[in-house]
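Participant: Just dropping this structure here.
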Amino acid sequence: MSDAPAPPLTAIPPDIKALADYERRAQAHMPPAAWTYLQEGTGDGVTLAANRAAFDRIGLVPRVLRDLRGATTHIELLGRTHAAPLLLAPVAYQRIAHPEGELATVRAATAMGIGMTVSTLASVTLEEIAAARQAAATELGTAPAPLWFQLYMQPGREASLALVRRAEAAGYEALMLTVDASIKRSGFTLPPGVEAANLRAARPTQTAQPLGRILFGTPLLDAAPRWEDLAWLRAQTRLPLLVKGIMAPDDALRALDHGADALVLSNHGGRVLDGMPAPIALLPAVAQAVAGRAPLLLDSGIRRGADIARALALGAAAVLVGRPQVHALAVAGMAGVAHALLILRTELELTMAQLGCPTVADLAPDRLLTAPTPVEGEPFRHSPRA
């Protein structure tokens, strides 16, 4: 009996009605090692679980008899109109889930009018992804959806700058610097035919450690990005610059002082430090500190359109979705990703309608009931209008 994963489906099964259904099916369509790499969190998985539990502790308060004529999910973000306050988060090595990888994902995003953030560690070059977006938009007769590039700082600034220049030349509209994942464990070995396509010309990273050293004092830790690297990057490009991995209010303010145009609250999907709180739990404090100086985006744990509404009511301008795009990609390729995005957009519109919110701006804390701590059975607490 073969242990090979099942091939992608050619039609969406009728029993797929939520992102959880894609997750349930995806394991059968991915090699076991790739599935483990995609799904795992660090440590005991406490933070991974907390990302979902935090949303489940936020109740929703319907408001009735509101005028919903002309309702829309459109937002303006970083000088661009978005069809919904939703983007695809940067997820590496998407060819571990489907032969077309990021090419299928960007076509789906374009079809649904949803922005995509391309990872430095994409398994297809950033230029090929940008070309696929343009080709899909031309075929569909629509404007290309927003396209951002996520940057991991490379060991040398010259290599980082080369990636920035490639993204600019290919038509990417914003840069997202990830600052929370330069130090993390990963024992995953890429399968044959999958690579970090954007880094083909990069020199291999030095893995030998000085005698007696574990992490401190090693080249890996010494090369981790610092505040001066953010300031340097800001000076190198005119593209809007987002900083991903912000959790503390003080760090949020410091990032803005160093030139960030927007911030992404994220714990990297529970993959870097176990014991971190869910970003949604810290969103109100960061929003209060930032006080409207820059848009806040939220990553980690989004699985329902109602989650998007919760995040926006607490101060986010938009959210990013990570693992679910790969679940859908593994199950049914481009059609799966497009369907997953349709599910989220449909759920968001249904939630907004029930909450009496014809626009994203109408989502406010008075639509929420919150339980401040994860104590089982604790009653929800009403959140007054800010």
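Naming works like this for the structure tokens: A, B, ... for the chains as they're shown, residue 1 at the start of each chain, ligands 1 onward in shown order.
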Show me, as CSV, the residues of segment 67-121 of chain A having an atom within 9 Å of segment 29-39 of chain A, each with the closest atom pair and its distance in Å, using only C-alpha atoms.

Facilitator:
residue,atom,partner,partner_atom,distance
A:Ile96,CA,A:Ala34,CA,6.3
A:Ala97,CA,A:Met30,CA,5.7
A:His98,CA,A:Met30,CA,8.2

Participant: Just to be explicit: take each residue in the selection above, keep C-alpha atoms, and write the result as an mmCIF file, in the first residue's frame.

Facilitator:
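What landed in selection-v6.cif:
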data_model
loop_
_atom_site.group_PDB
_atom_site.id
_atom_site.type_symbol
_atom_site.label_atom_id
_atom_site.label_comp_id
_atom_site.auth_asym_id
_atom_site.auth_seq_id
_atom_site.Cartn_x
_atom_site.Cartn_y
_atom_site.Cartn_z
ATOM 1 C CA ILE A 96 5.045 21.214 -0.303
ATOM 2 C CA ALA A 97 1.243 21.308 -0.559
ATOM 3 C CA HIS A 98 0.633 21.576 -4.316
#

Participant: Tell me, counting only C-alpha atoms, for each residue of segment 247-348 of chain A within 10 Å of segment 163-180 of chain A, which pair of atoms is nearest and how far apart they are in Å to one decimal, in rows ordered by chain and increasing number, as JSON lines.

Facilitator:
{"residue": "A:Met247", "atom": "CA", "partner": "A:Asp180", "partner_atom": "CA", "distance": 9.6}
{"residue": "A:Ala260", "atom": "CA", "partner": "A:Leu177", "partner_atom": "CA", "distance": 9.4}
{"residue": "A:Asp261", "atom": "CA", "partner": "A:Ala174", "partner_atom": "CA", "distance": 9.8}
{"residue": "A:Ala262", "atom": "CA", "partner": "A:Met176", "partner_atom": "CA", "distance": 9.0}
{"residue": "A:Leu263", "atom": "CA", "partner": "A:Met176", "partner_atom": "CA", "distance": 8.9}
{"residue": "A:Val264", "atom": "CA", "partner": "A:Met176", "partner_atom": "CA", "distance": 8.7}
{"residue": "A:Ser266", "atom": "CA", "partner": "A:Asp180", "partner_atom": "CA", "distance": 8.4}
{"residue": "A:Asn267", "atom": "CA", "partner": "A:Asp180", "partner_atom": "CA", "distance": 7.5}
{"residue": "A:His268", "atom": "CA", "partner": "A:Asp180", "partner_atom": "CA", "distance": 7.3}
{"residue": "A:Arg271", "atom": "CA", "partner": "A:Asp180", "partner_atom": "CA", "distance": 9.9}
{"residue": "A:Val272", "atom": "CA", "partner": "A:Asp180", "partner_atom": "CA", "distance": 7.5}
{"residue": "A:Leu273", "atom": "CA", "partner": "A:Asp180", "partner_atom": "CA", "distance": 9.4}

Participant: Between atom CA of Arg80 of chain A and atom CA of Gly305 of chain A, what is the spacing in Å?

Facilitator: 21.6 Å

Participant: Which residue, A:Glu228, A:Glu347, A:Asp56, A:Asp274, has the smallest gap to Leu369 of chain A when you use only C-alpha atoms?

Facilitator: A:Asp56

Participant: Quick one: DSSP strand (DSSP E) residues in segment 71-239 of chain A, as a ChimeraX atom specification?

Facilitator: /A:75-77,80-82,86-88,115-118,147-151,174-178

Participant: For Val337 of chain A, work out the shell of residues within 7 Å, counting only C-alpha atoms and skipping chain neighbours fewer than 2 positions away, then give it as a VMD selection string.

Facilitator: chain A and resid 105 108 325 328 to 329 333 to 335 339 to 341

Participant: Write out the residues from the selection above, keeping N, CA and C atoms, as a compact mmCIF listing (two decimals), in the first residue's frame.

Facilitator:
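Result file is again.txt:
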# COMPACT_ATOMS: atom_id res chain seq x y z
N THR A 105 -1.90 30.02 -5.60
CA THR A 105 -2.42 30.88 -4.54
C THR A 105 -2.64 32.30 -5.05
N ALA A 108 -5.69 32.55 -7.25
CA ALA A 108 -6.91 32.53 -6.45
C ALA A 108 -7.15 33.87 -5.78
N GLN A 325 -4.77 28.92 4.03
CA GLN A 325 -4.58 29.00 2.58
C GLN A 325 -3.87 27.76 2.07
N ALA A 328 -6.30 24.68 2.00
CA ALA A 328 -7.15 24.72 0.82
C ALA A 328 -6.35 24.43 -0.45
N LEU A 329 -5.12 24.93 -0.50
CA LEU A 329 -4.25 24.68 -1.65
C LEU A 329 -3.98 23.19 -1.80
N GLY A 333 -6.05 23.00 -4.85
CA GLY A 333 -5.29 23.94 -5.65
C GLY A 333 -5.90 25.33 -5.68
N MET A 334 -5.81 25.99 -6.83
CA MET A 334 -6.31 27.35 -6.96
C MET A 334 -7.79 27.44 -6.57
N ALA A 335 -8.59 26.49 -7.04
CA ALA A 335 -10.02 26.53 -6.73
C ALA A 335 -10.25 26.43 -5.23
N HIS A 339 -12.06 29.28 -3.01
CA HIS A 339 -13.25 28.91 -2.25
C HIS A 339 -13.09 29.25 -0.78
N ALA A 340 -11.90 29.01 -0.23
CA ALA A 340 -11.65 29.35 1.18
C ALA A 340 -11.81 30.85 1.41
N LEU A 341 -11.30 31.64 0.48
CA LEU A 341 -11.46 33.10 0.59
C LEU A 341 -12.92 33.51 0.46

Participant: If you count only C-alpha atoms, which residues fall within 7 Å of segment 11-26 of chain A, apart from same-chain ones fewer than 5 positions away, as a ChimeraX atom specification?

Facilitator: /A:303,324,327-328,330-332,336,340,343
